[in-house]
>>> print(open('final_5.pdb').read())   # PDB, C-alpha atoms and all ligand atoms
ATOM      1  CA  MET A   1      19.474  19.276 -12.454  1.00  0.00           C
ATOM      2  CA  LYS A   2      15.704  19.264 -11.868  1.00  0.00           C
ATOM      3  CA  LEU A   3      14.542  17.183  -8.904  1.00  0.00           C
ATOM      4  CA  ARG A   4      12.573  14.700 -11.016  1.00  0.00           C
ATOM      5  CA  ASP A   5      15.623  14.122 -13.247  1.00  0.00           C
ATOM      6  CA  ARG A   6      17.795  13.632 -10.176  1.00  0.00           C
ATOM      7  CA  ILE A   7      15.306  11.103  -8.822  1.00  0.00           C
ATOM      8  CA  SER A   8      15.260   9.149 -12.097  1.00  0.00           C
ATOM      9  CA  LYS A   9      19.052   9.192 -12.312  1.00  0.00           C
ATOM     10  CA  THR A  10      19.384   7.980  -8.700  1.00  0.00           C
ATOM     11  CA  ILE A  11      16.874   5.157  -9.166  1.00  0.00           C
ATOM     12  CA  GLU A  12      18.586   4.038 -12.379  1.00  0.00           C
ATOM     13  CA  ILE A  13      21.917   3.791 -10.522  1.00  0.00           C
ATOM     14  CA  LEU A  14      20.296   1.791  -7.716  1.00  0.00           C
ATOM     15  CA  LYS A  15      18.738  -0.532 -10.295  1.00  0.00           C
ATOM     16  CA  ARG A  16      22.133  -1.207 -11.828  1.00  0.00           C
ATOM     17  CA  ASN A  17      23.552  -2.001  -8.389  1.00  0.00           C
ATOM     18  CA  SER A  18      20.645  -4.087  -7.132  1.00  0.00           C
ATOM     19  CA  ALA A  19      22.046  -7.374  -8.451  1.00  0.00           C
ATOM     20  CA  ASN A  20      24.618  -7.201  -5.631  1.00  0.00           C
ATOM     21  CA  PHE A  21      21.895  -7.480  -2.989  1.00  0.00           C
ATOM     22  CA  LYS A  22      19.306 -10.018  -1.961  1.00  0.00           C
ATOM     23  CA  SER A  23      15.634  -9.109  -2.479  1.00  0.00           C
ATOM     24  CA  PRO A  24      13.547  -8.455   0.641  1.00  0.00           C
ATOM     25  CA  VAL A  25      11.763 -11.568   1.904  1.00  0.00           C
ATOM     26  CA  VAL A  26       8.220 -10.503   0.987  1.00  0.00           C
ATOM     27  CA  THR A  27       9.242  -9.833  -2.620  1.00  0.00           C
ATOM     28  CA  GLU A  28      10.906 -13.253  -2.742  1.00  0.00           C
ATOM     29  CA  ILE A  29       7.745 -14.916  -1.466  1.00  0.00           C
ATOM     30  CA  ALA A  30       5.601 -12.904  -3.896  1.00  0.00           C
ATOM     31  CA  GLY A  31       7.845 -13.865  -6.811  1.00  0.00           C
ATOM     32  CA  ARG A  32       7.801 -17.543  -5.926  1.00  0.00           C
ATOM     33  CA  THR A  33       4.154 -17.972  -4.966  1.00  0.00           C
ATOM     34  CA  LYS A  34       2.245 -15.239  -6.889  1.00  0.00           C
ATOM     35  CA  ASP A  35      -0.250 -15.526  -4.040  1.00  0.00           C
ATOM     36  CA  PRO A  36      -1.684 -12.309  -2.463  1.00  0.00           C
ATOM     37  CA  PHE A  37      -2.619 -14.235   0.705  1.00  0.00           C
ATOM     38  CA  LYS A  38       0.953 -15.392   1.256  1.00  0.00           C
ATOM     39  CA  VAL A  39       2.207 -11.877   0.504  1.00  0.00           C
ATOM     40  CA  LEU A  40      -0.179 -10.476   3.109  1.00  0.00           C
ATOM     41  CA  ILE A  41       0.703 -13.018   5.796  1.00  0.00           C
ATOM     42  CA  SER A  42       4.464 -12.874   5.239  1.00  0.00           C
ATOM     43  CA  CYS A  43       4.308  -9.083   5.285  1.00  0.00           C
ATOM     44  CA  LEU A  44       2.543  -9.179   8.668  1.00  0.00           C
ATOM     45  CA  LEU A  45       5.181 -11.607   9.935  1.00  0.00           C
ATOM     46  CA  SER A  46       8.012  -9.406   8.673  1.00  0.00           C
ATOM     47  CA  LEU A  47       7.134  -6.356  10.783  1.00  0.00           C
ATOM     48  CA  ARG A  48      10.017  -5.735  13.221  1.00  0.00           C
ATOM     49  CA  THR A  49      11.586  -9.053  12.258  1.00  0.00           C
ATOM     50  CA  LYS A  50      14.728  -9.972  10.340  1.00  0.00           C
ATOM     51  CA  ASP A  51      14.191 -11.321   6.821  1.00  0.00           C
ATOM     52  CA  ALA A  52      15.806 -14.697   7.545  1.00  0.00           C
ATOM     53  CA  VAL A  53      13.496 -15.251  10.530  1.00  0.00           C
ATOM     54  CA  THR A  54      10.429 -14.178   8.524  1.00  0.00           C
ATOM     55  CA  TRP A  55      11.366 -16.537   5.714  1.00  0.00           C
ATOM     56  CA  LYS A  56      11.576 -19.589   7.977  1.00  0.00           C
ATOM     57  CA  ALA A  57       8.452 -18.663   9.936  1.00  0.00           C
ATOM     58  CA  SER A  58       6.473 -18.214   6.697  1.00  0.00           C
ATOM     59  CA  GLU A  59       7.696 -21.568   5.421  1.00  0.00           C
ATOM     60  CA  ARG A  60       6.714 -23.363   8.638  1.00  0.00           C
ATOM     61  CA  LEU A  61       3.278 -21.752   8.710  1.00  0.00           C
ATOM     62  CA  PHE A  62       2.477 -22.321   5.019  1.00  0.00           C
ATOM     63  CA  LYS A  63       3.566 -25.932   5.342  1.00  0.00           C
ATOM     64  CA  ILE A  64       0.764 -26.631   7.805  1.00  0.00           C
ATOM     65  CA  ALA A  65      -1.777 -24.112   6.454  1.00  0.00           C
ATOM     66  CA  ASP A  66      -1.626 -21.843   3.424  1.00  0.00           C
ATOM     67  CA  THR A  67      -5.172 -20.587   2.865  1.00  0.00           C
ATOM     68  CA  PRO A  68      -7.585 -18.472   4.933  1.00  0.00           C
ATOM     69  CA  GLU A  69      -9.732 -21.580   5.647  1.00  0.00           C
ATOM     70  CA  LYS A  70      -6.795 -23.659   6.806  1.00  0.00           C
ATOM     71  CA  ILE A  71      -5.209 -20.952   8.956  1.00  0.00           C
ATOM     72  CA  SER A  72      -8.496 -19.993  10.594  1.00  0.00           C
ATOM     73  CA  ALA A  73      -8.955 -23.660  11.534  1.00  0.00           C
ATOM     74  CA  LEU A  74      -5.626 -23.728  13.419  1.00  0.00           C
ATOM     75  CA  SER A  75      -5.471 -23.015  17.130  1.00  0.00           C
ATOM     76  CA  LEU A  76      -3.636 -19.914  18.306  1.00  0.00           C
ATOM     77  CA  GLU A  77      -0.966 -22.133  19.877  1.00  0.00           C
ATOM     78  CA  GLU A  78      -0.360 -23.917  16.572  1.00  0.00           C
ATOM     79  CA  ILE A  79       0.117 -20.595  14.780  1.00  0.00           C
ATOM     80  CA  GLU A  80       2.360 -19.279  17.558  1.00  0.00           C
ATOM     81  CA  ARG A  81       4.514 -22.411  17.414  1.00  0.00           C
ATOM     82  CA  ALA A  82       4.865 -22.132  13.638  1.00  0.00           C
ATOM     83  CA  ILE A  83       5.825 -18.466  13.540  1.00  0.00           C
ATOM     84  CA  TYR A  84       8.030 -18.248  16.658  1.00  0.00           C
ATOM     85  CA  PRO A  85      10.502 -16.415  16.995  1.00  0.00           C
ATOM     86  CA  VAL A  86       9.183 -13.527  14.838  1.00  0.00           C
ATOM     87  CA  GLY A  87       8.810 -10.306  16.821  1.00  0.00           C
ATOM     88  CA  PHE A  88       5.518 -10.028  18.742  1.00  0.00           C
ATOM     89  CA  TYR A  89       4.621 -13.560  17.685  1.00  0.00           C
ATOM     90  CA  ARG A  90       1.658 -13.815  20.057  1.00  0.00           C
ATOM     91  CA  THR A  91       0.003 -10.649  18.740  1.00  0.00           C
ATOM     92  CA  LYS A  92       0.810 -11.622  15.160  1.00  0.00           C
ATOM     93  CA  ALA A  93      -0.663 -15.113  15.623  1.00  0.00           C
ATOM     94  CA  LYS A  94      -3.891 -13.536  16.876  1.00  0.00           C
ATOM     95  CA  ARG A  95      -4.045 -11.056  13.976  1.00  0.00           C
ATOM     96  CA  ILE A  96      -3.282 -13.727  11.370  1.00  0.00           C
ATOM     97  CA  LYS A  97      -6.046 -15.954  12.705  1.00  0.00           C
ATOM     98  CA  GLU A  98      -8.548 -13.053  12.850  1.00  0.00           C
ATOM     99  CA  ILE A  99      -7.677 -11.871   9.345  1.00  0.00           C
ATOM    100  CA  SER A 100      -7.927 -15.403   7.940  1.00  0.00           C
ATOM    101  CA  LYS A 101     -11.362 -15.794   9.524  1.00  0.00           C
ATOM    102  CA  ILE A 102     -12.583 -12.467   8.089  1.00  0.00           C
ATOM    103  CA  LEU A 103     -11.238 -13.338   4.627  1.00  0.00           C
ATOM    104  CA  LYS A 104     -13.007 -16.682   4.802  1.00  0.00           C
ATOM    105  CA  GLU A 105     -16.327 -15.301   6.004  1.00  0.00           C
ATOM    106  CA  LYS A 106     -16.508 -11.947   4.270  1.00  0.00           C
ATOM    107  CA  TYR A 107     -14.354 -12.190   1.167  1.00  0.00           C
ATOM    108  CA  ASN A 108     -14.950 -15.750   0.005  1.00  0.00           C
ATOM    109  CA  SER A 109     -11.465 -16.746   1.203  1.00  0.00           C
ATOM    110  CA  ARG A 110      -9.784 -14.230  -1.068  1.00  0.00           C
ATOM    111  CA  VAL A 111      -7.637 -11.213  -0.309  1.00  0.00           C
ATOM    112  CA  PRO A 112      -9.538  -8.128  -1.499  1.00  0.00           C
ATOM    113  CA  ASN A 113      -7.954  -6.563  -4.558  1.00  0.00           C
ATOM    114  CA  ASP A 114      -8.735  -3.105  -3.188  1.00  0.00           C
ATOM    115  CA  PHE A 115      -6.533  -0.818  -1.109  1.00  0.00           C
ATOM    116  CA  ASN A 116      -9.329   0.576   1.074  1.00  0.00           C
ATOM    117  CA  GLU A 117     -10.795  -2.863   1.769  1.00  0.00           C
ATOM    118  CA  LEU A 118      -7.352  -4.073   2.843  1.00  0.00           C
ATOM    119  CA  LEU A 119      -7.080  -1.185   5.294  1.00  0.00           C
ATOM    120  CA  LYS A 120     -10.270  -2.397   7.004  1.00  0.00           C
ATOM    121  CA  LEU A 121      -8.450  -5.551   8.162  1.00  0.00           C
ATOM    122  CA  LYS A 122      -7.178  -5.123  11.712  1.00  0.00           C
ATOM    123  CA  GLY A 123      -3.381  -4.941  11.780  1.00  0.00           C
ATOM    124  CA  VAL A 124      -3.108  -3.915   8.119  1.00  0.00           C
ATOM    125  CA  GLY A 125      -1.696  -0.409   7.708  1.00  0.00           C
ATOM    126  CA  ARG A 126      -0.842   1.579   4.601  1.00  0.00           C
ATOM    127  CA  LYS A 127       2.552  -0.086   4.152  1.00  0.00           C
ATOM    128  CA  THR A 128       1.155  -3.615   4.235  1.00  0.00           C
ATOM    129  CA  ALA A 129      -1.824  -2.694   2.035  1.00  0.00           C
ATOM    130  CA  ASN A 130       0.530  -1.112  -0.511  1.00  0.00           C
ATOM    131  CA  ILE A 131       2.784  -4.186  -0.457  1.00  0.00           C
ATOM    132  CA  VAL A 132      -0.168  -6.470  -1.143  1.00  0.00           C
ATOM    133  CA  MET A 133      -1.373  -4.225  -3.981  1.00  0.00           C
ATOM    134  CA  VAL A 134       2.079  -4.012  -5.588  1.00  0.00           C
ATOM    135  CA  TYR A 135       3.545  -7.477  -4.983  1.00  0.00           C
ATOM    136  CA  GLY A 136       0.344  -9.475  -4.577  1.00  0.00           C
ATOM    137  CA  PHE A 137      -1.730  -7.958  -7.378  1.00  0.00           C
ATOM    138  CA  GLY A 138       0.832  -6.138  -9.540  1.00  0.00           C
ATOM    139  CA  LYS A 139      -1.052  -2.855  -9.052  1.00  0.00           C
ATOM    140  CA  GLU A 140       0.230   0.666  -8.439  1.00  0.00           C
ATOM    141  CA  GLY A 141       1.361   1.550  -4.932  1.00  0.00           C
ATOM    142  CA  LEU A 142       4.245   2.968  -2.925  1.00  0.00           C
ATOM    143  CA  PRO A 143       4.890   0.903   0.193  1.00  0.00           C
ATOM    144  CA  ILE A 144       6.841   3.083   2.619  1.00  0.00           C
ATOM    145  CA  ASP A 145       8.803   1.391   5.356  1.00  0.00           C
ATOM    146  CA  THR A 146      11.557   2.844   7.498  1.00  0.00           C
ATOM    147  CA  HIS A 147      14.163   2.673   4.674  1.00  0.00           C
ATOM    148  CA  CYS A 148      11.840   4.209   2.077  1.00  0.00           C
ATOM    149  CA  HIS A 149      11.123   7.022   4.535  1.00  0.00           C
ATOM    150  CA  ARG A 150      14.705   7.668   5.701  1.00  0.00           C
ATOM    151  CA  ILE A 151      16.630   7.525   2.422  1.00  0.00           C
ATOM    152  CA  PRO A 152      14.607   9.996   0.299  1.00  0.00           C
ATOM    153  CA  ASN A 153      14.892  12.424   3.244  1.00  0.00           C
ATOM    154  CA  ARG A 154      18.677  11.972   3.344  1.00  0.00           C
ATOM    155  CA  LEU A 155      18.893  12.385  -0.406  1.00  0.00           C
ATOM    156  CA  GLY A 156      17.057  15.697  -0.067  1.00  0.00           C
ATOM    157  CA  TRP A 157      14.065  14.734  -2.214  1.00  0.00           C
ATOM    158  CA  ILE A 158      11.620  15.479   0.588  1.00  0.00           C
ATOM    159  CA  LYS A 159      11.452  16.772   4.137  1.00  0.00           C
ATOM    160  CA  THR A 160       8.934  14.659   5.996  1.00  0.00           C
ATOM    161  CA  LYS A 161       8.510  13.451   9.543  1.00  0.00           C
ATOM    162  CA  LYS A 162       6.115  10.532   9.083  1.00  0.00           C
ATOM    163  CA  PRO A 163       5.975   7.661   6.544  1.00  0.00           C
ATOM    164  CA  GLU A 164       2.402   8.663   5.578  1.00  0.00           C
ATOM    165  CA  ASP A 165       3.660  12.121   4.582  1.00  0.00           C
ATOM    166  CA  THR A 166       6.550  10.517   2.715  1.00  0.00           C
ATOM    167  CA  GLU A 167       4.129   8.377   0.730  1.00  0.00           C
ATOM    168  CA  LYS A 168       2.049  11.422  -0.206  1.00  0.00           C
ATOM    169  CA  ALA A 169       5.110  13.443  -1.216  1.00  0.00           C
ATOM    170  CA  LEU A 170       6.747  10.624  -3.191  1.00  0.00           C
ATOM    171  CA  ARG A 171       3.554   9.860  -5.098  1.00  0.00           C
ATOM    172  CA  LYS A 172       3.935  13.316  -6.632  1.00  0.00           C
ATOM    173  CA  LEU A 173       7.676  13.046  -7.260  1.00  0.00           C
ATOM    174  CA  ILE A 174       8.573   9.520  -8.362  1.00  0.00           C
ATOM    175  CA  PRO A 175       7.705   8.706 -11.981  1.00  0.00           C
ATOM    176  CA  LYS A 176       5.125   5.893 -12.041  1.00  0.00           C
ATOM    177  CA  LYS A 177       7.360   3.628 -14.083  1.00  0.00           C
ATOM    178  CA  TYR A 178       9.524   3.202 -10.958  1.00  0.00           C
ATOM    179  CA  TRP A 179       6.757   2.548  -8.425  1.00  0.00           C
ATOM    180  CA  PHE A 180       6.827  -1.213  -8.775  1.00  0.00           C
ATOM    181  CA  GLU A 181      10.510  -1.536  -7.884  1.00  0.00           C
ATOM    182  CA  PHE A 182      10.886   1.445  -5.553  1.00  0.00           C
ATOM    183  CA  ASN A 183      10.272  -0.410  -2.274  1.00  0.00           C
ATOM    184  CA  ASP A 184      12.496  -3.307  -3.236  1.00  0.00           C
ATOM    185  CA  LEU A 185      15.390  -1.085  -4.280  1.00  0.00           C
ATOM    186  CA  PHE A 186      15.260   1.149  -1.235  1.00  0.00           C
ATOM    187  CA  VAL A 187      14.856  -1.669   1.285  1.00  0.00           C
ATOM    188  CA  GLN A 188      17.882  -3.490  -0.182  1.00  0.00           C
ATOM    189  CA  PHE A 189      19.864  -0.274  -0.286  1.00  0.00           C
ATOM    190  CA  GLY A 190      18.872   0.668   3.282  1.00  0.00           C
ATOM    191  CA  GLN A 191      19.753  -2.771   4.640  1.00  0.00           C
ATOM    192  CA  ASN A 192      23.157  -2.847   2.951  1.00  0.00           C
ATOM    193  CA  ILE A 193      24.504   0.689   2.350  1.00  0.00           C
ATOM    194  CA  CYS A 194      22.373   3.574   3.592  1.00  0.00           C
ATOM    195  CA  LYS A 195      21.929   2.025   7.022  1.00  0.00           C
ATOM    196  CA  PRO A 196      19.990   3.857   9.742  1.00  0.00           C
ATOM    197  CA  LEU A 197      22.896   4.661  12.073  1.00  0.00           C
ATOM    198  CA  LYS A 198      26.080   4.440  10.050  1.00  0.00           C
ATOM    199  CA  PRO A 199      25.408   4.926   6.345  1.00  0.00           C
ATOM    200  CA  MET A 200      28.335   3.639   4.271  1.00  0.00           C
ATOM    201  CA  CYS A 201      28.711   6.854   2.282  1.00  0.00           C
ATOM    202  CA  ASN A 202      32.296   6.129   1.203  1.00  0.00           C
ATOM    203  CA  ILE A 203      31.154   3.217  -1.000  1.00  0.00           C
ATOM    204  CA  CYS A 204      27.731   4.627  -1.912  1.00  0.00           C
ATOM    205  CA  PRO A 205      27.025   4.656  -5.670  1.00  0.00           C
ATOM    206  CA  ILE A 206      24.627   7.621  -5.390  1.00  0.00           C
ATOM    207  CA  LYS A 207      26.650   9.906  -3.123  1.00  0.00           C
ATOM    208  CA  GLY A 208      26.988  12.416  -5.965  1.00  0.00           C
ATOM    209  CA  TYR A 209      23.211  12.960  -5.745  1.00  0.00           C
ATOM    210  CA  CYS A 210      22.881  13.016  -1.955  1.00  0.00           C
ATOM    211  CA  ASP A 211      22.302  16.127   0.179  1.00  0.00           C
ATOM    212  CA  TYR A 212      23.298  14.309   3.381  1.00  0.00           C
ATOM    213  CA  TYR A 213      26.664  13.409   1.835  1.00  0.00           C
ATOM    214  CA  LYS A 214      27.272  16.996   0.729  1.00  0.00           C
ATOM    215  CA  ARG A 215      26.514  18.292   4.230  1.00  0.00           C
ATOM    216  CA  ASN A 216      28.725  15.798   6.125  1.00  0.00           C
TER     217      ASN A 216
HETATM  218  S1  LIG B 301      25.721   9.084   0.459  1.00  0.00           S
HETATM  219 FE1  LIG B 301      25.368   8.171   2.459  1.00  0.00          FE
HETATM  220  S2  LIG B 301      23.483   9.101   3.217  1.00  0.00           S
HETATM  221 FE2  LIG B 301      23.598   9.494   1.027  1.00  0.00          FE
HETATM  222  S3  LIG B 301      22.426   7.844   0.102  1.00  0.00           S
HETATM  223 FE3  LIG B 301      24.559   7.209   0.130  1.00  0.00          FE
HETATM  224  S4  LIG B 301      24.810   6.057   2.023  1.00  0.00           S
HETATM  225 FE4  LIG B 301      22.898   7.218   2.189  1.00  0.00          FE
END
>>> encode(input="final_5.pdb", output="structure tokens")
Amino acid sequence: MKLRDRISKTIEILKRNSANFKSPVVTEIAGRTKDPFKVLISCLLSLRTKDAVTWKASERLFKIADTPEKISALSLEEIERAIYPVGFYRTKAKRIKEISKILKEKYNSRVPNDFNELLKLKGVGRKTANIVMVYGFGKEGLPIDTHCHRIPNRLGWIKTKKPEDTEKALRKLIPKKYWFEFNDLFVQFGQNICKPLKPMCNICPIKGYCDYYKRN
């Protein structure tokens, strides 16, 4: 089977199985709010933090301030208190305040609908910018986190060392019709089945298409 056909087949199987899993927190927030600013902030909060913690921290923060103007008017301590205990909450509070201020002053309190402009914001890397483009604006993008990097390598689609290389390689391989759901599907699958240390290959619905499974 050609690689592109194998990729399509694998993604279709994951789609059929996705109802068994909860969506990642940022997708949930995007679906409920349709607000690129909330997508951006919750994505920043989610880095190195469990989804349940991110969810509650986002709720607490958005309850007291949910726009660039309102968040930039908060003190650092107020932001820290709202988002604690997300990982690196002090650094994140500082970034969130800085970004809110820049959005207010430079972008008329709006999140720029442009990948390269997003990358200019301190603390926003390719993954976050892609998430905002896909889930905030409904545009094309391939957000690559640790799951989206690890699993395609295990499956044998690519051989890459860094997420940036994975993004480049997958942009050429994954049919565009799957880009919107790719991150969601692979994060769910990585959190529940194809875990980093002990992948649950015995119950995996795509083991028939996996190089790692064939080797082990
Ligand atoms: S067979 Fe194992 S390694 Fe391969 S995708 Fe499934 S869980 Fe991951």
>>> resolve_selection(input="final_5.pdb", expression="the PyMOL selection byres (((not hetatm)) within 8 of (chain B and resi 301))", output="list in words")
Ile151, Arg154, Leu155, Gly190, Ile193, Cys194, Lys195, Pro199, Met200, Cys201, Asn202, Ile203, Cys204, Pro205, Ile206, Lys207, Gly208, Tyr209, Cys210, Asp211, Tyr212 and Tyr213 of chain A
>>> residues_around(input="final_5.pdb", residues="Glu140 in chain A", least_positions_apart="3", cutoff="7 Å", atoms="all atoms listed in the file", output="PyMOL selection string")
chain A and resi 133-134+179-180
>>> write_last_selection(input="final_5.pdb", atoms="C-alpha atoms", output="CSV table (one decimal), in the frame of the given file")
chain,number,residue,atom,x,y,z
A,133,MET,CA,-1.4,-4.2,-4.0
A,134,VAL,CA,2.1,-4.0,-5.6
A,179,TRP,CA,6.8,2.5,-8.4
A,180,PHE,CA,6.8,-1.2,-8.8
>>> residues_near_point(input="final_5.pdb", point="(16.6, 16.1, -11.5)", cutoff="12 Å", atoms="only C-alpha atoms", output="PDB file with C-alpha atoms, in the frame of the given file")
ATOM      1  CA  MET A   1      19.474  19.276 -12.454  1.00  0.00           C
ATOM      2  CA  LYS A   2      15.704  19.264 -11.868  1.00  0.00           C
ATOM      3  CA  LEU A   3      14.542  17.183  -8.904  1.00  0.00           C
ATOM      4  CA  ARG A   4      12.573  14.700 -11.016  1.00  0.00           C
ATOM      5  CA  ASP A   5      15.623  14.122 -13.247  1.00  0.00           C
ATOM      6  CA  ARG A   6      17.795  13.632 -10.176  1.00  0.00           C
ATOM      7  CA  ILE A   7      15.306  11.103  -8.822  1.00  0.00           C
ATOM      8  CA  SER A   8      15.260   9.149 -12.097  1.00  0.00           C
ATOM      9  CA  LYS A   9      19.052   9.192 -12.312  1.00  0.00           C
ATOM     10  CA  THR A  10      19.384   7.980  -8.700  1.00  0.00           C
ATOM     11  CA  ILE A  11      16.874   5.157  -9.166  1.00  0.00           C
ATOM     12  CA  LEU A 155      18.893  12.385  -0.406  1.00  0.00           C
ATOM     13  CA  GLY A 156      17.057  15.697  -0.067  1.00  0.00           C
ATOM     14  CA  TRP A 157      14.065  14.734  -2.214  1.00  0.00           C
ATOM     15  CA  LEU A 173       7.676  13.046  -7.260  1.00  0.00           C
ATOM     16  CA  ILE A 174       8.573   9.520  -8.362  1.00  0.00           C
ATOM     17  CA  PRO A 175       7.705   8.706 -11.981  1.00  0.00           C
ATOM     18  CA  TYR A 209      23.211  12.960  -5.745  1.00  0.00           C
ATOM     19  CA  CYS A 210      22.881  13.016  -1.955  1.00  0.00           C
TER      20      CYS A 210
END
>>> residues_around(input="final_5.pdb", residues="range 51-59 of chain A", least_positions_apart="5", cutoff="8 Å", atoms="only C-alpha atoms", output="MDAnalysis selection string")
chainID A and resid 24:25 41:42 45:46 82:86
>>> write_last_selection(input="final_5.pdb", atoms="C-alpha atoms", output="CSV table (one decimal), in the frame of the given file")
chain,number,residue,atom,x,y,z
A,24,PRO,CA,13.5,-8.5,0.6
A,25,VAL,CA,11.8,-11.6,1.9
A,41,ILE,CA,0.7,-13.0,5.8
A,42,SER,CA,4.5,-12.9,5.2
A,45,LEU,CA,5.2,-11.6,9.9
A,46,SER,CA,8.0,-9.4,8.7
A,82,ALA,CA,4.9,-22.1,13.6
A,83,ILE,CA,5.8,-18.5,13.5
A,84,TYR,CA,8.0,-18.2,16.7
A,85,PRO,CA,10.5,-16.4,17.0
A,86,VAL,CA,9.2,-13.5,14.8
>>> atom_distance(input="final_5.pdb", atom1="CA of Phe37 in chain A", atom2="CA of Tyr178 in chain A")
24.2 Å
>>> atom_distance(input="final_5.pdb", atom1="CA of Ser18 in chain A", atom2="CA of Leu185 in chain A")
6.7 Å
>>> resolve_selection(input="final_5.pdb", expression="the PyMOL selection byres (((chain A and resi 148) around 12) and not hetatm)", output="CSV table (one decimal) with C-alpha atoms, in the coordinates of the input")
chain,number,residue,atom,x,y,z
A,127,LYS,CA,2.6,-0.1,4.2
A,142,LEU,CA,4.2,3.0,-2.9
A,143,PRO,CA,4.9,0.9,0.2
A,144,ILE,CA,6.8,3.1,2.6
A,145,ASP,CA,8.8,1.4,5.4
A,146,THR,CA,11.6,2.8,7.5
A,147,HIS,CA,14.2,2.7,4.7
A,149,HIS,CA,11.1,7.0,4.5
A,150,ARG,CA,14.7,7.7,5.7
A,151,ILE,CA,16.6,7.5,2.4
A,152,PRO,CA,14.6,10.0,0.3
A,153,ASN,CA,14.9,12.4,3.2
A,154,ARG,CA,18.7,12.0,3.3
A,155,LEU,CA,18.9,12.4,-0.4
A,157,TRP,CA,14.1,14.7,-2.2
A,158,ILE,CA,11.6,15.5,0.6
A,160,THR,CA,8.9,14.7,6.0
A,162,LYS,CA,6.1,10.5,9.1
A,163,PRO,CA,6.0,7.7,6.5
A,164,GLU,CA,2.4,8.7,5.6
A,165,ASP,CA,3.7,12.1,4.6
A,166,THR,CA,6.6,10.5,2.7
A,167,GLU,CA,4.1,8.4,0.7
A,169,ALA,CA,5.1,13.4,-1.2
A,170,LEU,CA,6.7,10.6,-3.2
A,179,TRP,CA,6.8,2.5,-8.4
A,181,GLU,CA,10.5,-1.5,-7.9
A,182,PHE,CA,10.9,1.4,-5.6
A,183,ASN,CA,10.3,-0.4,-2.3
A,184,ASP,CA,12.5,-3.3,-3.2
A,185,LEU,CA,15.4,-1.1,-4.3
A,186,PHE,CA,15.3,1.1,-1.2
A,187,VAL,CA,14.9,-1.7,1.3
A,188,GLN,CA,17.9,-3.5,-0.2
A,189,PHE,CA,19.9,-0.3,-0.3
A,190,GLY,CA,18.9,0.7,3.3
A,191,GLN,CA,19.8,-2.8,4.6
A,194,CYS,CA,22.4,3.6,3.6
A,195,LYS,CA,21.9,2.0,7.0
A,196,PRO,CA,20.0,3.9,9.7
>>> residues_around(input="final_5.pdb", residues="Ile79 in chain A", least_positions_apart="5", cutoff="7 Å", atoms="all atoms listed in the file", output="VMD selection string")
chain A and resid 61 74 93
>>> residues_around(input="final_5.pdb", residues="range 109-122 of chain A", least_positions_apart="3", cutoff="12 Å", atoms="all atoms listed in the file", output="PyMOL selection string")
chain A and resi 35-41+44+66-72+91-92+94-106+125-143
>>> closest_residue(input="final_5.pdb", among="A:Phe62, A:Gly87, A:Lys214, A:Arg81", to="Thr33 in chain A", atoms="only C-alpha atoms")
A:Phe62
>>> atom_distance(input="final_5.pdb", atom1="CA of Arg60 in chain A", atom2="CA of Glu80 in chain A")
10.7 Å
